[in-house]
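A.B. asks: Mind looking over this structure? Questions follow.
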Amino acid sequence: MTREELISLTIDKYTDLQRIKKSNGGVENKELDYQIKVTLAKLSSLGISVEDIIL
């Protein structure tokens with residue numbers, strides 16, 4: 001897997017998690033929040049800013 005493919009897959013995962021959180025209707029879900037934080041950390045370590053894709 002290339003770096004670009006890894007970045008693309010990680011962005012896709014992040015956006016999927018964001019959509020799940022939004023459709024969750026504001027109900028707290030600690031596991032979902034944790035998965036979002038981990039994915040953000042991975043993207044950050046790859047030098048990717050997610051400011052433009054936060055729902």
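Please note that chains go A, B, ... in the order of the structure tokens, that every chain numbers its residues from 1, and that ligands are numbered from 1 in the order shown.
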As a ChimeraX atom specification, please: the residues near A:Ile53 (cut-off 10 Å, only C-alpha atoms, same-chain neighbours under 3 positions excluded).

C.D. replies: /A:11,14-15,18,49-50

A.B. asks: May I have all residues of chain A that DSSP, computed from the backbone, assigns to helix (DSSP H, G or I), given as a ChimeraX atom specification?

C.D. replies: /A:3-23,30-45,51-53

A.B. asks: Could you write those residues out with C-alpha atoms, as an mmCIF file, in the first residue's frame?

C.D. replies:
data_model
loop_
_atom_site.group_PDB
_atom_site.id
_atom_site.type_symbol
_atom_site.label_atom_id
_atom_site.label_comp_id
_atom_site.auth_asym_id
_atom_site.auth_seq_id
_atom_site.Cartn_x
_atom_site.Cartn_y
_atom_site.Cartn_z
ATOM 1 C CA ARG A 3 1.304 6.393 1.409
ATOM 2 C CA GLU A 4 -1.372 8.030 -0.734
ATOM 3 C CA GLU A 5 -3.588 4.957 -0.502
ATOM 4 C CA LEU A 6 -3.143 4.865 3.274
ATOM 5 C CA ILE A 7 -4.084 8.531 3.529
ATOM 6 C CA SER A 8 -7.131 8.018 1.328
ATOM 7 C CA LEU A 9 -8.360 5.013 3.333
ATOM 8 C CA THR A 10 -7.823 6.822 6.632
ATOM 9 C CA ILE A 11 -9.724 9.887 5.407
ATOM 10 C CA ASP A 12 -12.555 7.608 4.283
ATOM 11 C CA LYS A 13 -12.631 5.975 7.725
ATOM 12 C CA TYR A 14 -12.662 9.378 9.421
ATOM 13 C CA THR A 15 -15.542 10.663 7.303
ATOM 14 C CA ASP A 16 -17.490 7.437 7.892
ATOM 15 C CA LEU A 17 -17.052 7.844 11.650
ATOM 16 C CA GLN A 18 -18.133 11.496 11.437
ATOM 17 C CA ARG A 19 -21.309 10.537 9.556
ATOM 18 C CA ILE A 20 -22.104 7.833 12.121
ATOM 19 C CA LYS A 21 -21.620 10.332 14.946
ATOM 20 C CA LYS A 22 -23.877 12.891 13.257
ATOM 21 C CA SER A 23 -26.618 10.324 12.631
ATOM 22 C CA LYS A 30 -17.486 6.725 24.082
ATOM 23 C CA GLU A 31 -16.203 4.056 21.684
ATOM 24 C CA LEU A 32 -17.155 6.138 18.652
ATOM 25 C CA ASP A 33 -15.498 9.207 20.176
ATOM 26 C CA TYR A 34 -12.356 7.173 20.873
ATOM 27 C CA GLN A 35 -12.244 5.820 17.311
ATOM 28 C CA ILE A 36 -12.542 9.363 15.960
ATOM 29 C CA LYS A 37 -9.672 10.538 18.191
ATOM 30 C CA VAL A 38 -7.441 7.662 17.095
ATOM 31 C CA THR A 39 -8.209 8.291 13.435
ATOM 32 C CA LEU A 40 -7.466 11.992 13.880
ATOM 33 C CA ALA A 41 -4.133 11.115 15.478
ATOM 34 C CA LYS A 42 -3.271 8.851 12.534
ATOM 35 C CA LEU A 43 -4.137 11.545 10.026
ATOM 36 C CA SER A 44 -2.137 14.088 11.989
ATOM 37 C CA SER A 45 0.881 11.777 12.030
ATOM 38 C CA GLU A 51 -10.272 21.031 9.538
ATOM 39 C CA ASP A 52 -12.048 21.137 6.186
ATOM 40 C CA ILE A 53 -13.807 17.775 6.591
#
